[in-house]
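Trainee: Sending over a structure as structure tokens; questions will come in a sec.
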Amino acid sequence: MKLKPNKMIKILPLITVLFWVGCEDLDFPDPNNPTDETATVQSLVTGAEAGLRIDIGIYLRDLLVVGREAYYLEPADPRYTGELMRGPIDPGGFLGNRPWNANYKIIQNCLSLAESGDAGASGLGKTFHAYALMRVLSLTDENGARLNYDGDKTVAVASKSAVLAEIESLLDGGYSDLNSAGDAFTFSLSTGFDGFDTPATFAKFNRGLRARVAVQQSDYSTALTALGNSFLDASGSLDDGVFHVFSSSANDQDNEMFEASDAAVIKLTVHPSFASDAETGDLRFSSKVATREDTIKYDDLESFLAPTVWGSSYDPIPVMRNEELILLQAEAFIGTGDYSSAEVNMNVVRTAAGLADYTGTDASNAEDRVLYEKRYSLFLEGQRLQDMRHYGRTAELPLDRDGDAIVTFPIPETE
Amino acid sequence: MRILKTILIASLFIASAFAAVSGTVTDAKTGEPLVGTSVFVKGTFVGTTTDDRGSFSIDATAGDVLMVAYIGYKTQEITVSGDVLDVSLETDVLRQDEVIVTGLATTVKRRNAANAVAVVTGDELVSAPTQTLDGALSGKFAGVNIRRNTGAPGGGINVNLRGSSTLTGGTQPLYVIDGVIVNNSANQSGIDVVTAATGAGSSRPQGQPTNRIGDINPNDVESIEVLKGASAAAIYGAKASNGVIIINTKRGKGGKTKFNYSARYGTSELLHKMGHRVFETYQEAEDQYGASVASLGNDANGNWANNNFDYEGILYGETGKLTEHTLSAIGGNERTQFYLGGQYMDEGGIIKNTGYQKISGRVNVDHRFNEKAKVSVATNIVRSSADRGVTGNDNTNLTYGFSIGFTPSFIDIRDTDGDGIFPAHPMNPSNPLETAEYFVNNELTHRALGSMQFDYSIFQQSTQSLKFMAVAGADFYNQENTVFSPPFLQIEESKTDAGQSVMTTTDNLNTNLSLNLVHKMKMSGMSFNTTAGQQYETRDWNSVFVHATGMVPTQQNVDQASTQAAYHNRMKQQDRGLFIQEEVSVGDNIYVAFGARGDQSSTLGDTETMEWYPKMAASYQFGEFAGLFDNLKVRFARGETGNMPSPGAKYSAMGLANIGGVNGLLTSSVKGNAGIKPERTAETEFGVDFSLMGGFAIVEATMYQQDITDLILQVDMPSSSGFSSSWENGGAMTTKGTELSVTLNPTQLVSLGGVDWTFRTNYYSTSSEVTKLNVDAYNYGGFATFLGTYHIAEGWSPTAIVGSETDADGEYIELGNETPDYQVSFFNSFKLGSINFSFLIDKKEGGAAINLANLIYDLGGTTADYEENGGDRLGGLGSVTQPYVESTSYTMLREVNLNYTLPRSLSDAAGVSYLQVGISGRNLWMDTDYTGLSPEVSQFGNEAVGGSVDTAPFPQSKSFYFNLSVGI
């Protein structure tokens, strides 16, 4: 080791420069994630379809608890029995915000799809976009929703009627896109859309949603037209339709609603009124609810009824089924005064439920009857709250404790 | 370069005509030779060190002043008058001659330092055993706030220097060991996926992780120096806004090889319980839970059995056993010296199947090739294993704290017949006693650290020198976290896919290289010290996480499952820096330093432009003053540092959302910022240091103010944009504080019958205020506003806690503040002959935490004060949060140590150089009004804002040890 000073002095700057130059470029791409430049039509469609399931557990629990179809007795989070059943909903809390966030995340994909230049993708994008807004509105109701998607808070939040108008225009625009999209999509959908995976068949789902919105607005003639173009089939299987599907594959999701009905402790329990209000022999009650040996109690609420509609963590959750369309049509008939046609439709689901046919449906009983059928046919699908609102009958929902109330979700505080 | 040449030439003309002076250097008290003492001719660089007999020989002439200096002793100046010069050095009570780091390659003596710098030696660090290095720091420094986030084996400790300097950025100081930056990351174990506290890769994970600095064996440490603020740490630039902790490990010394062996045995027990509700009557139980549950408290005849099981006592009631063996060897000759250090530690936890094990080995070698070149190598290999149980927040009611909260004391969930089969919990999805018996949460780490320093004296003359110094280091670890929830557990049984296994493997490599030039020059009472250098630092972090569910019975491997989800995260960072610093001393009185560091980093939006961080510092030493002061110094320092954005902050990413086996993409929640800049902290520090009456009292008083700009915020975005938040440089904050350190040596004034008494107190208070926020005020941290959260708003402290309560204008009301009013520690040491007794009391006054453990217990109806207050607390929930925000004041007996050293005559007779026996304790006693398990708590680890949330973590323990140490 004989280094001479003068040599060292010469070597040093050299070492220094070599190291500085030899270092890698400091500007390198994200080692973890793709960017929006990587996205394709297929990845945007799949992302949107998959995204429709994000926080679906919270979304459905919100609707089920507020609509008094079920309790969510969660000792680790008292908000499900406090805030959700008494109000007011915290505008900074997860109950309203997580579903809101998920819907608007999907809308970003839908906006890209609408501009993709692919008519099928655009039609699907607009339909999903409308469906996302429908889900937002089912929580916020009169509080409305945002229709600007750029984060500009100076734009006012749109009113319920403006949002409904936007949903109609998106569904109709999507329908016309789908009608010009040829025989096949340029992308694939999951098995949840089996039977609805071409532009023509997807358009039938689009019309089903259109009918649901029209009925909510009591626009029954539009509803009947839309139903005529939907997948309604009075003699078909009631369970035909579109579903959220789940799996254990990578980056997929499981059904957050499932709990084994015989587990030692369960959180989602059926509201006791679902048992007391059921007609004797209604198969829809016995097939969807199990009676537990013990009573689950929490926060002055109790139930011994466990839902059995989901058999595992990978069972699908319906988006829209034929059974709903048949009952939507019944509602539309009632709305237009055609009680006998409505009765025919209601008797389709009653027969399937093992109940005797209705007779003598008229103005005095039609609304009660169709609400009963929807309640039992669409149990735990999150329609009840909407229906009670539509007929202005939320006051009839059972309140279990002093101070309980039927809540509406606020616009999130970050908006 | 021209200046350098001029100096070079000038120095050649300095004539020399020296003769040899020789002598020995000894300890004034014991007469022992001091090996390795520096002997210098004052005002020159002519110097040598003493050999293994304490002897030296140096070229000096009569009239020259020799400076004799040794660590821990007062430096002596002696005028040469003959050929022989024997020197005896006195121990340095005032520590004025302690050497303090001022730059990457330079040091200054404490008497001149312009910053308040705190140093502790290795002996002070480990008077009582500790699992982790950071755990040994509590109460030892002013300006340092240490919070143990959890009592779980392996640690998880928040070290905060001088208050808040960020809202979202890294909060932990930079750790530099032997000149090399080492990794202190907190890697998530993945347990929060099993508890569903948060999902995999959540932005606010809740795994209560350990810190990797804990791997370092405290017994290897020679000294720890804390550069608390930006003014002292500016030379570390963009990484230093949380301060710098400089650790020097033990080095070899020439002379006969000395061996030291220490053994420690001890036990640990639960420190503090929450307590529980006692159900006096059947009626009380029925009122709370209904008849079906209440009847579980009846005996066989249907009468109230008056059961009162203390499940805290049962579950947290293990006695942890500690065994520690350390062995070290120090030796070498004049050219090569070595230090060998080995440690074996095994400490049981206070919950069944928990504990910590560590094996560590270190080799430090110094070799001098010749007069000019020297190399110092340090290597350290560590294996640690921590079994941490399952505690903290939970959405499945699996963790111990949650489960106990839902277990009224009248029901019996024990395995009474001891067959390993536990009864199903009738009210909770899991039986915590069963969980503790079978659940696995292990963290296994293998780590290798190595560093090399090469010193080369380019030239050295009597009045100036130029030295080249290169330091290179690498720090690699592999951390393996295994979480296993067997399929037969109560919580798993009912699931479709029963049983879970999580395997997380994290690899991390940090590399460092720094090249420095140090020029020193002395002339007519002034000395100049110029340093310049470059740094290169890289970090590569790679973590793979597999979550398997549906386990085949008896199998733990993640492939023996019905489903798997895999997550992979990488982090890559590359930084370059340049610095230059000039230090000037005038006489013994004036010290001035100024310099700047420039940094580039891959984490910034702009990777081309150099960010500059300037510093300046000055001190004036009055020396003896006014007949009262032994010395008096005033000092001032100002400097800037940075805090890097998270390496992912500049990227706008899309995330995978698959269905039906097809890849889908969705925007991720956080919008990146391609122009992100570092946070910048500018600190000004003033201080006065003095010692009184011959060392009776030593006082250091410091005030500081930090102005933090370009605060990085994760700003909430209206999620109608598809994003929930975005990264912005959007705020400013001011942090002020006071530090006072007083050491008293009463025995300098009065005799206490041979007892040598030292008393030291450190006082520290700090407060912060957000002065500018480019976004609307927002709440951050905790779980929801009504469950307590932190409020970030202009004019507010960033650690202020709010809840549902608002005033008439709808403004939030501050319910408490995480930052304490002040912290103070008292250290007392008594020495009488061979007996040494010391204790350290650590007190925190004020500060608050959100005690949601109480809420869990309230919801379970089991809180100790449930009957009086539980109903009110629960009833108000939603509009009143205050009852769940509690003061975290505490007084803690941190360390107690009593030891006896065998007198020299006896140890000589026994054939050993020394023998010491003693007993010690850590965290033996605590006084607090806090009703949770521990007032030191953070569910969210080391987050800058939002940490102090208590969801029943692993409880803290008190430990008691017997120590034996022998030297050969």
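To be explicit about the labels: the chains of the structure tokens are called A, B, and onward in the order shown, and within each one the residues are counted from 1, while ligands get numbers from 1 in the order they are shown.
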Would you write out, as a Markdown table, a table of all residues in chain B that have an atom no more than 7 Å from an atom of chain A, listing for each the closest atom pair and the distance in Å to one decimal, considering only C-alpha atoms and ordering rows by chain and rising residue number?

Mentor:
| residue | atom | partner | partner_atom | distance |
| --- | --- | --- | --- | --- |
| B:Phe369 | CA | A:Met1 | CA | 6.8 |
| B:Asn395 | CA | A:Ala76 | CA | 6.1 |
| B:Asn428 | CA | A:Val265 | CA | 6.8 |
| B:Pro429 | CA | A:Val265 | CA | 5.7 |
| B:Ile458 | CA | A:Pro5 | CA | 5.0 |
| B:Phe459 | CA | A:Pro5 | CA | 6.8 |
| B:Ser494 | CA | A:Ala263 | CA | 5.2 |
| B:Lys495 | CA | A:Ala260 | CA | 6.8 |
| B:Thr496 | CA | A:Ser312 | CA | 6.2 |
| B:Thr563 | CA | A:Ser248 | CA | 5.8 |
| B:Ala565 | CA | A:Ala250 | CA | 5.6 |
| B:Asn569 | CA | A:Asn32 | CA | 6.1 |
| B:Arg570 | CA | A:Asn32 | CA | 6.1 |
| B:Gln574 | CA | A:Leu26 | CA | 6.3 |
| B:Ser601 | CA | A:Leu26 | CA | 6.6 |
| B:Ser602 | CA | A:Leu26 | CA | 4.5 |
| B:Thr607 | CA | A:Leu26 | CA | 6.0 |
| B:Tyr651 | CA | A:Asp30 | CA | 6.3 |
| B:Ser652 | CA | A:Thr35 | CA | 6.5 |
| B:Ala653 | CA | A:Thr35 | CA | 4.8 |
| B:Met654 | CA | A:Thr35 | CA | 5.3 |
| B:Gly655 | CA | A:Asn33 | CA | 6.6 |
| B:Leu656 | CA | A:Asn251 | CA | 6.5 |
| B:Ala657 | CA | A:Gly47 | CA | 5.1 |
| B:Asn658 | CA | A:Asp252 | CA | 5.0 |
| B:Ile659 | CA | A:Ala50 | CA | 5.3 |
| B:Gly660 | CA | A:Ser190 | CA | 4.9 |
| B:Gly661 | CA | A:Ser249 | CA | 6.5 |
| B:Val662 | CA | A:Thr46 | CA | 6.8 |
| B:Asn663 | CA | A:Ser43 | CA | 6.0 |
| B:Gly664 | CA | A:Gly47 | CA | 3.8 |
| B:Leu665 | CA | A:Gly47 | CA | 4.5 |
| B:Leu666 | CA | A:Gly47 | CA | 5.3 |
| B:Thr667 | CA | A:Lys105 | CA | 6.8 |
| B:Asp716 | CA | A:Thr414 | CA | 6.5 |
| B:Met717 | CA | A:Thr414 | CA | 6.4 |
| B:Pro718 | CA | A:Glu415 | CA | 4.6 |
| B:Ser719 | CA | A:Asn101 | CA | 5.5 |
| B:Ser720 | CA | A:Tyr104 | CA | 5.1 |
| B:Ser721 | CA | A:Gly151 | CA | 4.6 |
| B:Gly722 | CA | A:Lys105 | CA | 4.2 |
| B:Ala784 | CA | A:Gly93 | CA | 5.9 |
| B:Ile856 | CA | A:Ala76 | CA | 6.9 |
| B:Leu859 | CA | A:Pro75 | CA | 6.4 |

Trainee: Deliver the residues from the most recent selection as a file, using C-alpha atoms, as a CSV table (one decimal), in the first residue's frame.

Mentor:
chain,number,residue,atom,x,y,z
B,369,PHE,CA,-1.1,0.4,6.7
B,395,ASN,CA,-62.9,-5.9,12.8
B,428,ASN,CA,-67.6,-13.4,20.8
B,429,PRO,CA,-66.5,-15.0,17.6
B,458,ILE,CA,-2.5,13.3,1.7
B,459,PHE,CA,-0.1,15.5,3.6
B,494,SER,CA,-67.6,-21.3,10.4
B,495,LYS,CA,-65.9,-19.7,7.4
B,496,THR,CA,-66.2,-21.1,3.8
B,563,THR,CA,-57.2,-19.7,-2.2
B,565,ALA,CA,-53.9,-13.6,-2.9
B,569,ASN,CA,-44.5,-3.8,-3.5
B,570,ARG,CA,-41.3,-2.3,-4.4
B,574,GLN,CA,-31.5,7.0,-5.3
B,601,SER,CA,-33.3,12.5,-5.3
B,602,SER,CA,-35.3,10.1,-7.4
B,607,THR,CA,-34.6,15.0,-10.3
B,651,TYR,CA,-46.6,8.8,-9.8
B,652,SER,CA,-50.3,8.7,-10.8
B,653,ALA,CA,-51.0,5.1,-10.9
B,654,MET,CA,-53.8,2.8,-11.9
B,655,GLY,CA,-54.6,-0.3,-9.8
B,656,LEU,CA,-55.8,-3.8,-10.8
B,657,ALA,CA,-59.4,-4.7,-10.4
B,658,ASN,CA,-60.0,-8.1,-11.9
B,659,ILE,CA,-63.1,-10.1,-12.5
B,660,GLY,CA,-63.6,-13.4,-14.2
B,661,GLY,CA,-59.8,-13.9,-14.5
B,662,VAL,CA,-59.4,-10.9,-16.8
B,663,ASN,CA,-57.1,-7.9,-15.8
B,664,GLY,CA,-59.0,-4.7,-15.2
B,665,LEU,CA,-57.7,-1.3,-14.3
B,666,LEU,CA,-59.2,1.4,-12.1
B,667,THR,CA,-57.6,4.7,-11.0
B,716,ASP,CA,-58.6,15.3,0.2
B,717,MET,CA,-60.0,15.6,-3.2
B,718,PRO,CA,-63.7,15.4,-4.0
B,719,SER,CA,-63.9,11.7,-4.8
B,720,SER,CA,-66.3,12.6,-7.6
B,721,SER,CA,-63.0,13.1,-9.4
B,722,GLY,CA,-62.2,9.4,-9.0
B,784,ALA,CA,-64.0,8.7,12.3
B,856,ILE,CA,-64.6,-1.6,23.1
B,859,LEU,CA,-69.6,-1.9,23.9

Trainee: Once DSSP has gone over the backbone, tell me which residues of segment 37-212 of chain A are in helix (DSSP H, G or I), as a PyMOL selection string.

Mentor: chain A and resi 37-38+41-51+56-66+78-80+83-86+94-114+119-143+160-179+191-193+199-212

Trainee: Please, what distance in Å, to one decimal, runs between atom CA of Asp507 of chain B and atom CA of Ala197 of chain B?

Mentor: 24.6 Å

Trainee: List as an MDAnalysis selection string the protein and nucleic acid residues near Thr766 of chain B, meaning an atom at most 8 Å away when only C-alpha atoms are counted, but skip any in the same chain fewer than 2 places from it.

Mentor: chainID B and resid 162:163 735:738 764 768 819:822

Trainee: Limited to N, CA and C atoms, could you put the picked residues into a file as a compact mmCIF listing (two decimals), in the first residue's frame?

Mentor:
# COMPACT_ATOMS: atom_id res chain seq x y z
N ARG B 162 -37.46 16.92 18.87
CA ARG B 162 -37.92 18.30 18.77
C ARG B 162 -39.25 18.48 18.06
N GLY B 163 -40.24 17.69 18.40
CA GLY B 163 -41.60 17.99 17.98
C GLY B 163 -41.89 17.72 16.51
N THR B 735 -42.64 25.15 14.75
CA THR B 735 -42.48 24.36 15.96
C THR B 735 -41.46 25.06 16.85
N LYS B 736 -41.84 25.27 18.12
CA LYS B 736 -40.95 25.94 19.06
C LYS B 736 -40.70 25.03 20.24
N GLY B 737 -39.60 25.24 20.89
CA GLY B 737 -39.39 24.40 22.05
C GLY B 737 -38.28 24.91 22.95
N THR B 738 -38.24 24.34 24.14
CA THR B 738 -37.24 24.68 25.13
C THR B 738 -36.65 23.39 25.68
N TYR B 764 -37.99 19.20 28.79
CA TYR B 764 -38.22 19.46 27.36
C TYR B 764 -39.68 19.79 27.14
N SER B 768 -46.31 23.02 18.40
CA SER B 768 -46.32 23.30 16.97
C SER B 768 -47.62 23.97 16.58
N THR B 819 -49.26 16.05 21.84
CA THR B 819 -47.99 16.58 22.31
C THR B 819 -48.10 16.93 23.79
N PRO B 820 -47.22 16.41 24.62
CA PRO B 820 -47.31 16.71 26.05
C PRO B 820 -46.94 18.15 26.35
N ASP B 821 -47.38 18.63 27.53
CA ASP B 821 -47.00 19.98 27.96
C ASP B 821 -45.49 20.03 28.16
N TYR B 822 -45.00 19.03 28.85
CA TYR B 822 -43.55 18.94 29.00
C TYR B 822 -43.17 17.53 29.38

Trainee: Do you know which residues are at most 7 Å from segment 750-755 of chain B counting only C-alpha atoms, after dropping those on the same chain fewer than 5 positions away, and could you put them as a ChimeraX atom specification?

Mentor: /B:830-832

Trainee: If you keep N, CA and C atoms, can you produce a file of those selected residues as an mmCIF file, in the first residue's frame?

Mentor:
data_model
loop_
_atom_site.group_PDB
_atom_site.id
_atom_site.type_symbol
_atom_site.label_atom_id
_atom_site.label_comp_id
_atom_site.auth_asym_id
_atom_site.auth_seq_id
_atom_site.Cartn_x
_atom_site.Cartn_y
_atom_site.Cartn_z
ATOM 1 N N PHE B 830 -25.490 7.080 42.661
ATOM 2 C CA PHE B 830 -24.740 7.134 43.916
ATOM 3 C C PHE B 830 -23.640 6.089 43.847
ATOM 4 N N LYS B 831 -22.443 6.528 44.167
ATOM 5 C CA LYS B 831 -21.322 5.601 44.156
ATOM 6 C C LYS B 831 -20.701 5.618 45.535
ATOM 7 N N LEU B 832 -20.538 4.438 46.115
ATOM 8 C CA LEU B 832 -19.811 4.363 47.374
ATOM 9 C C LEU B 832 -18.843 3.206 47.239
#

Trainee: Between B:Asn441, B:Ser957, B:Ser138, B:Ser965, which has the minimum distance to Glu318 of chain B (counting only C-alpha atoms)?

Mentor: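 That would be B:Ser957, the residue with the smallest distance to Glu318 of chain B.
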
Trainee: Tell me which protein, DNA and RNA residues are within 10 Å of Leu340 of chain B, counting only C-alpha atoms, leaving out same-chain ones fewer than 5 positions away, and put them as a list in words.

Mentor: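 Contacts, with the query itself left out: Asp220, Lys250, Arg251, Gly252, Phe259, Leu327, Ser328, Ala329, Ile330, Gly331, Gly361, Arg362, Val363, Asn364, Val365, Ala378, Thr379 and Asn380 of chain B.
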
Trainee: Using only C-alpha atoms, determine which residues lie at most 10 Å from Gly694 of chain B, disregarding the query and same-chain residues fewer than 5 positions distant; provide the list as an MDAnalysis selection string.

Mentor: chainID B and resid 94 628:631 745 748:749

Trainee: The selected residues should be written to file as a compact mmCIF listing (two decimals), in the first residue's frame (atoms: N, CA and C atoms).

Mentor:
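Saved the output as result.txt:
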# COMPACT_ATOMS: atom_id res chain seq x y z
N LEU B 94 -17.45 17.27 33.61
CA LEU B 94 -18.20 18.27 32.85
C LEU B 94 -18.36 17.88 31.39
N LEU B 628 -17.93 33.05 39.38
CA LEU B 628 -18.95 32.07 39.73
C LEU B 628 -18.94 30.94 38.72
N PHE B 629 -18.81 31.32 37.47
CA PHE B 629 -18.87 30.34 36.39
C PHE B 629 -17.49 29.74 36.16
N ASP B 630 -17.45 28.43 36.09
CA ASP B 630 -16.21 27.78 35.65
C ASP B 630 -15.99 28.09 34.18
N ASN B 631 -17.09 28.06 33.48
CA ASN B 631 -17.06 28.53 32.10
C ASN B 631 -18.47 28.88 31.71
N ASN B 745 -23.41 17.87 40.79
CA ASN B 745 -22.46 16.97 41.45
C ASN B 745 -22.26 17.48 42.87
N GLN B 748 -19.06 17.70 44.76
CA GLN B 748 -18.03 18.70 44.45
C GLN B 748 -18.00 19.79 45.53
N LEU B 749 -19.12 19.97 46.22
CA LEU B 749 -19.20 21.02 47.23
C LEU B 749 -19.08 20.46 48.65

Trainee: Show me, as a list in words, the residues that have an atom within 9 Å of segment 391-398 of chain A when counting only C-alpha atoms, minus same-chain residues fewer than 3 positions from it.

Mentor: Val66, Gly67, Arg68, Gln216, Ser273, Glu367, Leu385, Gln386, Asp387, Met388, Ala405 and Ile406 of chain A

Trainee: Could you write those residues out with C-alpha atoms, as a compact mmCIF listing (two decimals), in the first residue's frame?

Mentor:
# COMPACT_ATOMS: atom_id res chain seq x y z
CA VAL A 66 -82.12 1.78 6.58
CA GLY A 67 -84.86 -0.11 4.69
CA ARG A 68 -85.34 -2.26 7.83
CA GLN A 216 -89.14 5.54 -9.64
CA SER A 273 -90.82 -7.92 10.84
CA GLU A 367 -99.92 -0.70 -4.04
CA LEU A 385 -85.93 1.47 0.74
CA GLN A 386 -86.27 2.84 -2.81
CA ASP A 387 -89.77 1.44 -3.15
CA MET A 388 -90.99 2.85 0.16
CA ALA A 405 -85.26 7.26 12.29
CA ILE A 406 -85.06 6.62 8.57

Trainee: Please measure the separation of atom CA of Met610 of chain B and atom CA of Ala230 of chain B, giving the value in Å to one decimal.

Mentor: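 These two atoms are separated by 18.3 Å.
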
Trainee: Using only C-alpha atoms, which residues of segment 662-759 of chain B come within 8 Å of segment 115-125 of chain B, and what is the closest atom pair for each, with the distance in Å to one decimal? Give it as CSV, sorted by chain and residue number.

Mentor:
residue,atom,partner,partner_atom,distance
B:Glu685,CA,B:Asn115,CA,7.3
B:Phe686,CA,B:Asn115,CA,8.0
B:Gly687,CA,B:Ala116,CA,7.2
B:Glu700,CA,B:Ala116,CA,7.5
B:Thr702,CA,B:Ala116,CA,6.7

Trainee: Write down as a PyMOL selection string the residues belonging to segment 259-345 of chain A that are assigned strand (DSSP E or B) by DSSP computed on the backbone.

Mentor: chain A and resi 268-270+289-298+301-307+317-321

Trainee: One number please: atom CA of Leu902 of chain B to atom CA of Gln916 of chain B, in Å, one decimal.

Mentor: 6.2 Å
